[in-house]
Every structure is written in structure tokens, then in C-alpha cells.
Amino acid sequence: MLSGKRILLGVTGGIAAYKAVYLLREFQKAGAEVRVIMTPSATRFVGSETFSSLSRNEVAVEMFNDTDPGESWTKHIHWGEWADLYVIAPCTANTLSKIVHGQSDNMLTSTVLAARCPILICPTMDGEMYESASVSDNISQAKNHGFHVLEPESGYLASGIEAVGRLPEADAILEYADQIITENRKKGPLSGKKVLVSAGPTREFLDPVRFISNPSSGKMGIAMAEAAVRLGGEVTLLKGPVDEKETERMAVESFITADDLFTLAQNHKDADIIIMAAAVSDFKPASSSKEKVKKEDSETSIEMEQTPDILQWLGENRAEKQVLIGFAMETANLEENAKKKLRKKNIDWICANSLTGENSGFHTDQNEIQLIGKESSKEFKGPKKEIALQILREIFDKATQ
Ligand code: CTP
């Protein structure tokens, strides 16, 4: 049920911290990707290495890291952006109080303030503490502030007494987590919108074993499609011949050639939003042989003809209120060439991509994109999966304000 969802798990310093290890495993078994943040006192109960081994990711504890001073302190922003849901389990009375009062004295609480996703708090403590007036007030305040709270269960506590204060079973936490993510997407800026995204290269065949193509991995296009799902869109992905797998639930239709893609795009021409991230070949062989061309029979030159410019066709035949987003990969004069394409193809936004950047281009997980609109321009840099979300938020959060 949580397949492909991104869970940020916050672990605070209570004895139930050991149960967070099992919780992490249960999230993973349900198909979620999990990253972990611990408070320094949580590491007294369970070593951070346990969580980093299981999550196959580094665990954030300290705000400042002497060995990696440039990058690590902004993790609360990036991880808060990355997650579909931030689950704080167990959440001690101390951290609950800090959250309610907006404190940000460690990575876990700073991420609470920075997160753009919903937050689920699982208060877990001794029965006496849980029943105290301050904790009751803080729980009510947390709910008023829009946090989701899963109240603790009754049972044997570490103190030896039986009372309310236990961390609920993993099943209950997972079920609530799934419900929160689903509800949150319904409120996203793309909720109710049909979104068409194309990704990957085309192949133009000379004969059954040879084709003209490009090294597009489809990663950026698939990241755009996943981001659109996370913002509530009903997404159809037109997917070229790539190995990259989409993790979110979406309809997928496959293409090989530019002509295939043109047919599919025409079938979906009334989508509310169209994102053309596919690397479409501009030319195809004027003729292609049904049989493999033998060396001794072959010509040394190939006659080519142009493929349809799909985005241009979509721009000329656009539906009312439709938003068209294109990509432009350039090796020189990035901004100038991208702006020309924006005007010529009659589209709303273009994601300009320099092939010369250190961290951009085909096959990398990172990218540098300049999002250019008719009146504005903004740069995005970082993992493709993160900047895809930032780009769509930049376009559609503004549109719905
Ligand atoms: N595109 C398209 N159909 C084509 C070629 C490109 O729909 N036959 C789309 C791409 O998916 C992209 C945008 O147009 O969103 C720009 O693609 P790009 O290859 O950068 O530009 P071209 O228009 O092909 O121009 P050039 O190759 O001369 O830079």
C-alpha cells in the first residue's frame, strides 16, 4: 500500500526507539523508501548504524557535521522536501513540547519546521507523563497546528506499570500513514488534473537490428511524472525504451519511434498539463529495410527525413487552459536557444538543460535546470527527483494562489 512512498522516520530518545527499527522494516516491506533522523538522545537507545544499515542511507543526527560542513546542515530542507510523510515515532514528551512551540534545536525538530509534507506524531512515554496536564495540552495544540497524532496504546510500559503510553503496533502506524498520504495528495495543486508526461529516447530504425537514437535515460521525465503524482495529478507516462522504473502508481504507454510517440501524444492532446521530456529524434531514415542490411549491399550514406515536431504540434493545437512544458537540452547559448523554443513552439514553460554542466545531462541522477517562463526564470540544482518536484511546485503553486 505504501509502494514508492517516501517516509522520513524521526526517532527520539525513549525506550521505544528500538521499536522504530521494526517500524522501518515494516515501511520497507510495504514498498516505501525510508530515511531516518534521530535526536542525539535517541542514539543512547539504538545506534545510528542500525538505522543507516537498514535504510541504506546516512542517518541525520547533528545539524553540523565537521567532515561535511557544506552540505549536511541543509538536510532538514532537502529531506523535508523529499518526503511524502514525516513520521516521528516514538515521540517523547520533550520533543512533542519542542515541536508544539516551534523549537529547532536539532536536526529532527528543524526538519519539522522545514517539512512541506504532512507530519505524523506518535507520542510514546510513561503513563504518568502522558496523563500530565502539559502533555495533554501539547497533544491538543499539536492537533490544532495541523499535525496528525496517533495516540499511544495501553499496555506494559518500561517502568513496569500498565498504562497508556505504548507505541502503537506497526500495522496501525502504516495504515494511518497511507491514509494521510492519500488524503494529502487529494489536496495537491494538481489534484483533479490529467497530466501527460513523455520520457526517454526514441529509436529510428535503419533495419531490424540498427537504429538512430540518443543516450536519454528517461530519469528526468520519470521524475517529473512521479512528482506530478505526488502533487495529486492523474498521470499518464509515455515511456520510451529505458530501464528506469517508475515507482509511483500511474498509467504507462510505451513508444519506440517518434511517430509512435506522436500518435500517443495526439490521443492525449486534451490533457490539462503536458510535459514533453522525451528526447525525440529530429530525423529518421527515409526508408528502413525489413531485412538486416548486409555489409556488402549497404550504402555508406543514409538519406534522412524529419520526424514530426510533437511539441510544436501540441502548441499549435492546444486545448483551452492547457499548460505545456517542454525541455531543451543545449550545448551552447542555453537561455537564448531555450527562449526561442518557448516562443516558436507556443508553450508556457521550458526546462533548459545544459549538457556542459558538471552535474547535469544524460544518465546522471543530478541535474541543473533553468526553468524559463514567458515572464520569469529560475534555476534548480540537485537530485532529479527533488528538482522535478520543485519545478512543478514553482509552476503550479503560484498558479493556484
Ligand atoms: N520535441 C518534440 N518533437 C521533436 C523534437 C523535440 O516534441 N521532433 C520536444 C522535446 O521533447 C522537447 C522540446 O521539443 O520538449 C525541445 O527539444 P530539443 O531536442 O531540445 O529541440 P528541437 O526542437 O529538436 O531543436 P534542436 O534539436 O534544433 O535544438
# chains A, B, ... in the order shown; residues from 1 in each chain; ligands from 1

$ residues_around --residues "Leu120 of chain A" --least-positions-apart "6" --cutoff "12 Å" --atoms "only C-alpha atoms" --output "number ranges by chain"
A: 7-10, 84-91, 96, 99, 112, 139, 142-143, 145-151, 173-181

$ residues_around --residues "Ser287 of chain A" --least-positions-apart "3" --cutoff "12 Å" --atoms "only C-alpha atoms" --output "PyMOL selection string"
chain A and resi 204-207+211+283-284+290+302-306

$ write_last_selection --atoms "N, CA, C and O atoms" --output "PDB file, in the first residue's frame"
ATOM      1  N   GLU A 204      14.970   5.254 -34.175  1.00  0.00           N
ATOM      2  CA  GLU A 204      14.549   5.316 -35.582  1.00  0.00           C
ATOM      3  C   GLU A 204      15.342   4.246 -36.329  1.00  0.00           C
ATOM      4  O   GLU A 204      16.562   4.361 -36.482  1.00  0.00           O
ATOM      5  N   PHE A 205      14.642   3.220 -36.764  1.00  0.00           N
ATOM      6  CA  PHE A 205      15.320   2.022 -37.279  1.00  0.00           C
ATOM      7  C   PHE A 205      15.752   2.135 -38.750  1.00  0.00           C
ATOM      8  O   PHE A 205      14.991   2.611 -39.589  1.00  0.00           O
ATOM      9  N   LEU A 206      16.993   1.685 -38.996  1.00  0.00           N
ATOM     10  CA  LEU A 206      17.506   1.568 -40.364  1.00  0.00           C
ATOM     11  C   LEU A 206      17.148   0.197 -40.923  1.00  0.00           C
ATOM     12  O   LEU A 206      16.851   0.025 -42.102  1.00  0.00           O
ATOM     13  N   ASP A 207      17.204  -0.778 -40.036  1.00  0.00           N
ATOM     14  CA  ASP A 207      16.820  -2.151 -40.359  1.00  0.00           C
ATOM     15  C   ASP A 207      16.476  -2.806 -39.015  1.00  0.00           C
ATOM     16  O   ASP A 207      16.526  -2.129 -37.990  1.00  0.00           O
ATOM     17  N   PHE A 211      19.547   1.174 -35.241  1.00  0.00           N
ATOM     18  CA  PHE A 211      18.689   2.353 -35.120  1.00  0.00           C
ATOM     19  C   PHE A 211      19.499   3.590 -34.751  1.00  0.00           C
ATOM     20  O   PHE A 211      20.637   3.499 -34.279  1.00  0.00           O
ATOM     21  N   PHE A 283      15.265  13.409 -36.729  1.00  0.00           N
ATOM     22  CA  PHE A 283      15.342  12.808 -38.074  1.00  0.00           C
ATOM     23  C   PHE A 283      15.148  11.291 -38.001  1.00  0.00           C
ATOM     24  O   PHE A 283      15.464  10.674 -36.981  1.00  0.00           O
ATOM     25  N   LYS A 284      14.642  10.754 -39.085  1.00  0.00           N
ATOM     26  CA  LYS A 284      14.558   9.286 -39.189  1.00  0.00           C
ATOM     27  C   LYS A 284      15.031   8.904 -40.594  1.00  0.00           C
ATOM     28  O   LYS A 284      14.955   9.736 -41.519  1.00  0.00           O
ATOM     29  N   LYS A 290      13.329  -4.134 -44.196  1.00  0.00           N
ATOM     30  CA  LYS A 290      12.668  -5.157 -43.365  1.00  0.00           C
ATOM     31  C   LYS A 290      13.663  -6.236 -42.948  1.00  0.00           C
ATOM     32  O   LYS A 290      13.551  -6.857 -41.908  1.00  0.00           O
ATOM     33  N   ILE A 302      23.199   7.676 -45.506  1.00  0.00           N
ATOM     34  CA  ILE A 302      21.793   7.372 -45.204  1.00  0.00           C
ATOM     35  C   ILE A 302      20.958   8.593 -45.532  1.00  0.00           C
ATOM     36  O   ILE A 302      21.270   9.700 -45.060  1.00  0.00           O
ATOM     37  N   GLU A 303      19.902   8.408 -46.268  1.00  0.00           N
ATOM     38  CA  GLU A 303      19.019   9.539 -46.536  1.00  0.00           C
ATOM     39  C   GLU A 303      18.047   9.684 -45.362  1.00  0.00           C
ATOM     40  O   GLU A 303      17.466   8.685 -44.909  1.00  0.00           O
ATOM     41  N   MET A 304      17.923  10.907 -44.886  1.00  0.00           N
ATOM     42  CA  MET A 304      17.090  11.117 -43.688  1.00  0.00           C
ATOM     43  C   MET A 304      15.909  12.030 -44.013  1.00  0.00           C
ATOM     44  O   MET A 304      15.973  12.846 -44.930  1.00  0.00           O
ATOM     45  N   GLU A 305      14.870  11.903 -43.197  1.00  0.00           N
ATOM     46  CA  GLU A 305      13.776  12.885 -43.289  1.00  0.00           C
ATOM     47  C   GLU A 305      13.374  13.301 -41.873  1.00  0.00           C
ATOM     48  O   GLU A 305      13.691  12.596 -40.898  1.00  0.00           O
ATOM     49  N   GLN A 306      12.713  14.439 -41.768  1.00  0.00           N
ATOM     50  CA  GLN A 306      12.380  14.950 -40.428  1.00  0.00           C
ATOM     51  C   GLN A 306      11.225  14.177 -39.793  1.00  0.00           C
ATOM     52  O   GLN A 306      10.310  13.748 -40.486  1.00  0.00           O
TER      53      GLN A 306
END

$ select_by_dssp --residues "segment 158-340 of chain A" --states "strand (DSSP E)" --output "ChimeraX atom specification"
/A:162-166,194-199,204-207,210-212,234-239,251-254,273-276,283-285,304-306,323-330

$ residues_near_ligand --ligand "ligand 1" --cutoff "7 Å" --atoms "only C-alpha atoms and all ligand atoms" --output "JSON, numbers by chain"
{"A": [258, 276, 277, 278, 279, 280, 281, 282, 307, 308, 309, 310, 311, 312, 326, 327, 328, 329, 330, 341]}

$ write_last_selection --atoms "all heavy atoms" --output "tab-separated table (two decimals), in the first residue's frame"
chain	number	residue	atom	x	y	z
A	258	ALA	N	9.59	8.14	-32.95
A	258	ALA	CA	8.96	9.47	-32.83
A	258	ALA	C	7.53	9.42	-33.36
A	258	ALA	O	6.63	10.06	-32.81
A	258	ALA	CB	9.79	10.50	-33.61
A	276	MET	N	6.68	17.49	-22.04
A	276	MET	CA	7.44	16.74	-23.06
A	276	MET	C	8.90	16.68	-22.65
A	276	MET	O	9.69	17.57	-22.98
A	276	MET	CB	7.31	17.42	-24.43
A	276	MET	CG	6.01	17.12	-25.16
A	276	MET	SD	5.84	15.39	-25.68
A	276	MET	CE	7.16	15.25	-26.87
A	277	ALA	N	9.24	15.63	-21.91
A	277	ALA	CA	10.64	15.47	-21.50
A	277	ALA	C	11.35	14.44	-22.38
A	277	ALA	O	12.54	14.20	-22.19
A	277	ALA	CB	10.69	15.05	-20.04
A	278	ALA	N	10.63	13.84	-23.31
A	278	ALA	CA	11.26	12.82	-24.17
A	278	ALA	C	12.31	13.47	-25.06
A	278	ALA	O	12.17	14.62	-25.49
A	278	ALA	CB	10.19	12.15	-25.03
A	279	ALA	N	13.38	12.71	-25.30
A	279	ALA	CA	14.43	13.18	-26.22
A	279	ALA	C	14.08	12.63	-27.59
A	279	ALA	O	14.45	11.50	-27.94
A	279	ALA	CB	15.78	12.68	-25.74
A	280	VAL	N	13.31	13.41	-28.33
A	280	VAL	CA	12.77	12.93	-29.61
A	280	VAL	C	13.80	13.14	-30.72
A	280	VAL	O	14.36	14.22	-30.85
A	280	VAL	CB	11.48	13.72	-29.98
A	280	VAL	CG1	10.81	13.10	-31.21
A	280	VAL	CG2	10.52	13.79	-28.81
A	281	SER	N	14.01	12.11	-31.49
A	281	SER	CA	14.93	12.23	-32.62
A	281	SER	C	14.30	13.18	-33.65
A	281	SER	O	13.11	13.06	-33.97
A	281	SER	CB	15.15	10.85	-33.24
A	281	SER	OG	15.93	10.99	-34.39
A	282	ASP	N	15.09	14.13	-34.15
A	282	ASP	CA	14.55	15.08	-35.13
A	282	ASP	C	14.51	14.49	-36.54
A	282	ASP	O	13.85	15.02	-37.41
A	282	ASP	CB	15.42	16.35	-35.16
A	282	ASP	CG	15.23	17.16	-33.89
A	282	ASP	OD1	14.12	17.18	-33.36
A	282	ASP	OD2	16.23	17.75	-33.41
A	307	THR	N	11.29	14.04	-38.48
A	307	THR	CA	10.16	13.47	-37.73
A	307	THR	C	9.21	14.63	-37.40
A	307	THR	O	9.62	15.79	-37.47
A	307	THR	CB	10.65	12.85	-36.42
A	307	THR	OG1	11.34	13.85	-35.69
A	307	THR	CG2	11.56	11.67	-36.66
A	308	PRO	N	7.99	14.34	-37.02
A	308	PRO	CA	7.10	15.45	-36.63
A	308	PRO	C	7.61	16.12	-35.36
A	308	PRO	O	8.13	15.43	-34.47
A	308	PRO	CB	5.76	14.75	-36.37
A	308	PRO	CG	6.06	13.31	-36.23
A	308	PRO	CD	7.33	13.03	-36.94
A	309	ASP	N	7.51	17.45	-35.29
A	309	ASP	CA	7.83	18.14	-34.03
A	309	ASP	C	6.56	18.08	-33.16
A	309	ASP	O	5.61	18.84	-33.37
A	309	ASP	CB	8.28	19.58	-34.28
A	309	ASP	CG	8.84	20.19	-32.99
A	309	ASP	OD1	8.26	19.92	-31.91
A	309	ASP	OD2	9.84	20.92	-33.07
A	310	ILE	N	6.57	17.14	-32.24
A	310	ILE	CA	5.36	16.83	-31.48
A	310	ILE	C	4.94	18.01	-30.59
A	310	ILE	O	3.77	18.39	-30.54
A	310	ILE	CB	5.59	15.55	-30.64
A	310	ILE	CG1	5.99	14.41	-31.57
A	310	ILE	CG2	4.36	15.19	-29.81
A	310	ILE	CD1	6.63	13.23	-30.89
A	311	LEU	N	5.92	18.58	-29.93
A	311	LEU	CA	5.60	19.70	-29.02
A	311	LEU	C	5.06	20.90	-29.80
A	311	LEU	O	4.12	21.56	-29.37
A	311	LEU	CB	6.85	20.07	-28.21
A	311	LEU	CG	6.63	21.05	-27.08
A	311	LEU	CD1	5.56	20.60	-26.10
A	311	LEU	CD2	7.94	21.29	-26.30
A	312	GLN	N	5.66	21.11	-30.96
A	312	GLN	CA	5.17	22.23	-31.78
A	312	GLN	C	3.72	21.98	-32.21
A	312	GLN	O	2.88	22.87	-32.16
A	312	GLN	CB	6.07	22.38	-33.01
A	312	GLN	CG	5.61	23.50	-33.90
A	312	GLN	CD	6.76	24.31	-34.45
A	312	GLN	OE1	7.90	24.18	-34.04
A	312	GLN	NE2	6.45	25.17	-35.40
A	326	GLY	N	7.98	22.15	-21.98
A	326	GLY	CA	8.96	21.45	-22.81
A	326	GLY	C	10.31	21.39	-22.13
A	326	GLY	O	10.53	21.98	-21.08
A	327	PHE	N	11.20	20.66	-22.74
A	327	PHE	CA	12.59	20.59	-22.27
A	327	PHE	C	13.49	21.05	-23.42
A	327	PHE	O	13.11	20.92	-24.59
A	327	PHE	CB	12.95	19.15	-21.87
A	327	PHE	CG	12.61	18.85	-20.43
A	327	PHE	CD1	11.29	18.71	-20.05
A	327	PHE	CD2	13.60	18.75	-19.48
A	327	PHE	CE1	10.96	18.46	-18.72
A	327	PHE	CE2	13.29	18.50	-18.15
A	327	PHE	CZ	11.96	18.35	-17.77
A	328	ALA	N	14.63	21.56	-23.08
A	328	ALA	CA	15.60	21.92	-24.13
A	328	ALA	C	16.97	21.55	-23.64
A	328	ALA	O	17.40	22.01	-22.58
A	328	ALA	CB	15.53	23.41	-24.41
A	329	MET	N	17.61	20.67	-24.37
A	329	MET	CA	18.98	20.31	-23.99
A	329	MET	C	19.92	20.97	-24.98
A	329	MET	O	19.79	20.79	-26.19
A	329	MET	CB	19.14	18.80	-24.01
A	329	MET	CG	20.44	18.40	-23.38
A	329	MET	SD	20.50	16.65	-23.11
A	329	MET	CE	20.32	16.53	-21.37
A	330	GLU	N	20.82	21.78	-24.45
A	330	GLU	CA	21.67	22.58	-25.32
A	330	GLU	C	23.13	22.39	-24.93
A	330	GLU	O	23.44	22.08	-23.78
A	330	GLU	CB	21.33	24.09	-25.18
A	330	GLU	CG	19.85	24.43	-25.36
A	330	GLU	CD	19.36	24.31	-26.80
A	330	GLU	OE1	20.21	24.24	-27.72
A	330	GLU	OE2	18.14	24.24	-27.02
A	341	LYS	N	12.81	28.42	-28.42
A	341	LYS	CA	11.92	27.25	-28.49
A	341	LYS	C	10.59	27.53	-27.80
A	341	LYS	O	9.54	27.10	-28.26
A	341	LYS	CB	12.59	26.03	-27.85
A	341	LYS	CG	13.67	25.43	-28.74
A	341	LYS	CD	14.38	24.25	-28.10
A	341	LYS	CE	15.62	23.92	-28.93
A	341	LYS	NZ	16.50	22.96	-28.31

$ residues_around --residues "Val242 of chain A" --least-positions-apart "6" --cutoff "10 Å" --atoms "only C-alpha atoms" --output "NGL selection string"
:A and (199-202 or 215-219 or 256)

$ select_by_dssp --residues "segment 215-297 of chain A" --states "helix (DSSP H, G or I)" --output "compact mmCIF listing (two decimals) with all heavy atoms, in the first residue's frame"
# COMPACT_ATOMS: atom_id res chain seq x y z
N LYS A 219 15.35 9.43 -16.91
CA LYS A 219 15.28 9.69 -15.46
C LYS A 219 14.57 11.00 -15.14
O LYS A 219 13.76 11.05 -14.21
CB LYS A 219 16.70 9.76 -14.87
CG LYS A 219 17.34 8.41 -14.73
CD LYS A 219 18.70 8.52 -14.09
CE LYS A 219 19.33 7.14 -14.04
NZ LYS A 219 20.28 6.93 -13.02
N MET A 220 14.86 12.05 -15.91
CA MET A 220 14.25 13.35 -15.58
C MET A 220 12.75 13.32 -15.88
O MET A 220 11.94 13.80 -15.09
CB MET A 220 14.94 14.47 -16.38
CG MET A 220 14.56 15.86 -15.92
SD MET A 220 15.08 16.19 -14.21
CE MET A 220 13.79 17.30 -13.68
N GLY A 221 12.37 12.71 -17.01
CA GLY A 221 10.95 12.65 -17.36
C GLY A 221 10.18 11.82 -16.35
O GLY A 221 9.08 12.19 -15.93
N ILE A 222 10.76 10.69 -15.94
CA ILE A 222 10.07 9.84 -14.96
C ILE A 222 9.98 10.57 -13.62
O ILE A 222 8.96 10.51 -12.93
CB ILE A 222 10.76 8.46 -14.86
CG1 ILE A 222 10.53 7.71 -16.18
CG2 ILE A 222 10.23 7.65 -13.68
CD1 ILE A 222 11.25 6.39 -16.32
N ALA A 223 11.04 11.31 -13.27
CA ALA A 223 10.98 12.11 -12.03
C ALA A 223 9.86 13.15 -12.11
O ALA A 223 9.15 13.39 -11.13
CB ALA A 223 12.32 12.80 -11.78
N MET A 224 9.65 13.73 -13.30
CA MET A 224 8.56 14.71 -13.46
C MET A 224 7.20 14.02 -13.29
O MET A 224 6.29 14.55 -12.66
CB MET A 224 8.61 15.38 -14.85
CG MET A 224 9.83 16.23 -15.13
SD MET A 224 10.00 17.70 -14.10
CE MET A 224 8.83 18.82 -14.82
N ALA A 225 7.09 12.81 -13.87
CA ALA A 225 5.82 12.08 -13.76
C ALA A 225 5.54 11.72 -12.30
O ALA A 225 4.41 11.86 -11.81
CB ALA A 225 5.88 10.81 -14.62
N GLU A 226 6.57 11.25 -11.59
CA GLU A 226 6.38 10.90 -10.18
C GLU A 226 6.02 12.13 -9.35
O GLU A 226 5.16 12.07 -8.46
CB GLU A 226 7.65 10.25 -9.62
CG GLU A 226 7.85 8.85 -10.20
CD GLU A 226 9.16 8.21 -9.77
OE1 GLU A 226 10.02 8.89 -9.18
OE2 GLU A 226 9.32 7.01 -10.04
N ALA A 227 6.67 13.25 -9.65
CA ALA A 227 6.38 14.48 -8.90
C ALA A 227 4.93 14.90 -9.15
O ALA A 227 4.24 15.35 -8.22
CB ALA A 227 7.35 15.59 -9.33
N ALA A 228 4.47 14.72 -10.38
CA ALA A 228 3.08 15.10 -10.70
C ALA A 228 2.09 14.22 -9.92
O ALA A 228 1.06 14.70 -9.44
CB ALA A 228 2.84 15.00 -12.20
N VAL A 229 2.42 12.93 -9.76
CA VAL A 229 1.56 12.05 -8.95
C VAL A 229 1.54 12.55 -7.51
O VAL A 229 0.50 12.63 -6.86
CB VAL A 229 2.07 10.59 -8.99
CG1 VAL A 229 1.28 9.71 -8.04
CG2 VAL A 229 1.97 10.02 -10.40
N ARG A 230 2.73 12.90 -7.00
CA ARG A 230 2.81 13.32 -5.60
C ARG A 230 2.04 14.61 -5.36
O ARG A 230 1.59 14.88 -4.24
CB ARG A 230 4.28 13.50 -5.20
CG ARG A 230 5.04 12.20 -5.23
CD ARG A 230 6.47 12.39 -4.81
NE ARG A 230 6.55 12.70 -3.40
CZ ARG A 230 7.61 13.24 -2.82
NH1 ARG A 230 8.66 13.57 -3.52
NH2 ARG A 230 7.61 13.50 -1.52
N ALA A 258 9.59 8.14 -32.95
CA ALA A 258 8.96 9.47 -32.83
C ALA A 258 7.53 9.42 -33.36
O ALA A 258 6.63 10.06 -32.81
CB ALA A 258 9.79 10.50 -33.61
N ASP A 259 7.31 8.62 -34.41
CA ASP A 259 5.94 8.51 -34.95
C ASP A 259 5.00 7.87 -33.94
O ASP A 259 3.86 8.30 -33.77
CB ASP A 259 5.94 7.71 -36.27
CG ASP A 259 6.54 8.52 -37.42
OD1 ASP A 259 6.39 9.76 -37.39
OD2 ASP A 259 7.17 7.92 -38.30
N ASP A 260 5.50 6.82 -33.22
CA ASP A 260 4.67 6.18 -32.16
C ASP A 260 4.29 7.23 -31.12
O ASP A 260 3.15 7.33 -30.69
CB ASP A 260 5.47 5.15 -31.34
CG ASP A 260 5.89 3.94 -32.11
OD1 ASP A 260 5.34 3.72 -33.19
OD2 ASP A 260 6.78 3.20 -31.61
N LEU A 261 5.30 8.00 -30.71
CA LEU A 261 5.07 8.99 -29.65
C LEU A 261 4.08 10.05 -30.11
O LEU A 261 3.21 10.48 -29.34
CB LEU A 261 6.42 9.62 -29.24
CG LEU A 261 6.37 10.72 -28.19
CD1 LEU A 261 5.69 10.24 -26.89
CD2 LEU A 261 7.78 11.22 -27.85
N PHE A 262 4.19 10.42 -31.38
CA PHE A 262 3.27 11.43 -31.92
C PHE A 262 1.83 10.93 -31.83
O PHE A 262 0.93 11.64 -31.39
CB PHE A 262 3.67 11.74 -33.37
CG PHE A 262 2.96 12.92 -33.97
CD1 PHE A 262 2.53 13.99 -33.18
CD2 PHE A 262 2.70 12.97 -35.34
CE1 PHE A 262 1.87 15.09 -33.75
CE2 PHE A 262 2.04 14.05 -35.91
CZ PHE A 262 1.62 15.11 -35.11
N THR A 263 1.63 9.65 -32.21
CA THR A 263 0.27 9.08 -32.15
C THR A 263 -0.25 9.08 -30.71
O THR A 263 -1.39 9.50 -30.45
CB THR A 263 0.29 7.62 -32.69
OG1 THR A 263 0.86 7.65 -33.98
CG2 THR A 263 -1.09 7.01 -32.75
N LEU A 264 0.60 8.65 -29.77
CA LEU A 264 0.16 8.59 -28.36
C LEU A 264 -0.15 10.00 -27.85
O LEU A 264 -1.15 10.22 -27.16
CB LEU A 264 1.23 7.94 -27.48
CG LEU A 264 1.55 6.47 -27.76
CD1 LEU A 264 2.66 5.98 -26.84
CD2 LEU A 264 0.31 5.61 -27.57
N ALA A 265 0.72 10.96 -28.19
CA ALA A 265 0.51 12.34 -27.70
C ALA A 265 -0.80 12.90 -28.28
O ALA A 265 -1.54 13.59 -27.58
CB ALA A 265 1.70 13.22 -28.09
N GLN A 266 -1.07 12.59 -29.55
CA GLN A 266 -2.32 13.08 -30.15
C GLN A 266 -3.54 12.48 -29.43
O GLN A 266 -4.54 13.16 -29.23
CB GLN A 266 -2.36 12.73 -31.63
CG GLN A 266 -1.46 13.64 -32.45
CD GLN A 266 -1.37 13.19 -33.90
OE1 GLN A 266 -1.08 12.02 -34.18
NE2 GLN A 266 -1.62 14.09 -34.82
N ASN A 267 -3.41 11.20 -29.03
CA ASN A 267 -4.53 10.56 -28.30
C ASN A 267 -4.82 11.27 -26.98
O ASN A 267 -5.92 11.20 -26.47
CB ASN A 267 -4.19 9.10 -27.96
CG ASN A 267 -4.12 8.24 -29.19
OD1 ASN A 267 -4.57 8.66 -30.25
ND2 ASN A 267 -3.54 7.05 -29.07
N LYS A 295 26.57 -6.12 -45.10
CA LYS A 295 27.70 -5.21 -45.30
C LYS A 295 27.95 -4.94 -46.80
O LYS A 295 28.10 -3.80 -47.22
CB LYS A 295 28.93 -5.87 -44.68
CG LYS A 295 29.91 -4.87 -44.14
CD LYS A 295 31.17 -5.49 -43.56
CE LYS A 295 30.98 -6.88 -43.01
NZ LYS A 295 32.05 -7.42 -42.22
N GLU A 296 27.95 -6.03 -47.56
CA GLU A 296 28.33 -5.87 -48.97
C GLU A 296 27.28 -5.10 -49.78
O GLU A 296 27.60 -4.48 -50.78
CB GLU A 296 28.65 -7.23 -49.64
CG GLU A 296 27.61 -8.30 -49.49
CD GLU A 296 27.79 -9.14 -48.21
OE1 GLU A 296 28.41 -8.64 -47.24
OE2 GLU A 296 27.27 -10.25 -48.19
N ASP A 297 25.99 -5.10 -49.27
CA ASP A 297 24.93 -4.39 -50.03
C ASP A 297 24.77 -2.95 -49.59
O ASP A 297 24.00 -2.20 -50.17
CB ASP A 297 23.55 -5.04 -49.80
CG ASP A 297 23.58 -6.53 -50.10
OD1 ASP A 297 24.43 -6.91 -50.92
OD2 ASP A 297 22.78 -7.26 -49.51

$ residues_around --residues "Asn353 of chain A" --least-positions-apart "2" --cutoff "12 Å" --atoms "only C-alpha atoms" --output "PyMOL selection string"
chain A and resi 220+277+279+326-335+337-338+350-351+355-362+366-372+379-381+384

$ residues_around --residues "Ser52 of chain A" --least-positions-apart "3" --cutoff "12 Å" --atoms "only C-alpha atoms" --output "list of chain:residue names"
A:Leu9, A:Val21, A:Leu24, A:Val34, A:Arg35, A:Val36, A:Ile37, A:Met38, A:Val46, A:Gly47, A:Ser48, A:Glu49, A:Ser55, A:Arg56, A:Asn57, A:Glu58, A:Val59, A:Ala60, A:Val61

$ decode --residues "segment 14-27 of chain A" --atoms "N, CA and C atoms" --output "mmCIF file, in the first residue's frame"
data_model
loop_
_atom_site.group_PDB
_atom_site.id
_atom_site.type_symbol
_atom_site.label_atom_id
_atom_site.label_comp_id
_atom_site.auth_asym_id
_atom_site.auth_seq_id
_atom_site.Cartn_x
_atom_site.Cartn_y
_atom_site.Cartn_z
ATOM 1 N N GLY A 14 13.473 7.671 23.543
ATOM 2 C CA GLY A 14 12.686 6.907 24.512
ATOM 3 C C GLY A 14 12.988 5.443 24.302
ATOM 4 N N ILE A 15 12.599 4.600 25.259
ATOM 5 C CA ILE A 15 12.915 3.172 25.143
ATOM 6 C C ILE A 15 12.293 2.557 23.888
ATOM 7 N N ALA A 16 11.147 3.122 23.451
ATOM 8 C CA ALA A 16 10.504 2.558 22.247
ATOM 9 C C ALA A 16 11.315 2.826 20.977
ATOM 10 N N ALA A 17 12.451 3.507 21.102
ATOM 11 C CA ALA A 17 13.304 3.735 19.917
ATOM 12 C C ALA A 17 13.660 2.394 19.262
ATOM 13 N N TYR A 18 13.779 1.333 20.079
ATOM 14 C CA TYR A 18 14.124 0.028 19.475
ATOM 15 C C TYR A 18 13.005 -0.453 18.555
ATOM 16 N N LYS A 19 11.751 -0.056 18.883
ATOM 17 C CA LYS A 19 10.635 -0.485 18.018
ATOM 18 C C LYS A 19 10.662 0.233 16.670
ATOM 19 N N ALA A 20 11.310 1.389 16.647
ATOM 20 C CA ALA A 20 11.401 2.140 15.374
ATOM 21 C C ALA A 20 12.200 1.350 14.342
ATOM 22 N N VAL A 21 13.084 0.466 14.816
ATOM 23 C CA VAL A 21 13.851 -0.383 13.890
ATOM 24 C C VAL A 21 12.888 -1.297 13.136
ATOM 25 N N TYR A 22 11.950 -1.900 13.876
ATOM 26 C CA TYR A 22 10.959 -2.789 13.246
ATOM 27 C C TYR A 22 10.014 -1.982 12.357
ATOM 28 N N LEU A 23 9.687 -0.785 12.835
ATOM 29 C CA LEU A 23 8.794 0.069 12.057
ATOM 30 C C LEU A 23 9.425 0.388 10.694
ATOM 31 N N LEU A 24 10.709 0.706 10.729
ATOM 32 C CA LEU A 24 11.430 0.978 9.477
ATOM 33 C C LEU A 24 11.310 -0.217 8.529
ATOM 34 N N ARG A 25 11.522 -1.426 9.073
ATOM 35 C CA ARG A 25 11.434 -2.643 8.250
ATOM 36 C C ARG A 25 10.026 -2.819 7.675
ATOM 37 N N GLU A 26 9.035 -2.528 8.495
ATOM 38 C CA GLU A 26 7.655 -2.700 8.006
ATOM 39 C C GLU A 26 7.359 -1.709 6.884
ATOM 40 N N PHE A 27 7.821 -0.473 7.025
ATOM 41 C CA PHE A 27 7.640 0.505 5.945
ATOM 42 C C PHE A 27 8.315 -0.002 4.670
#
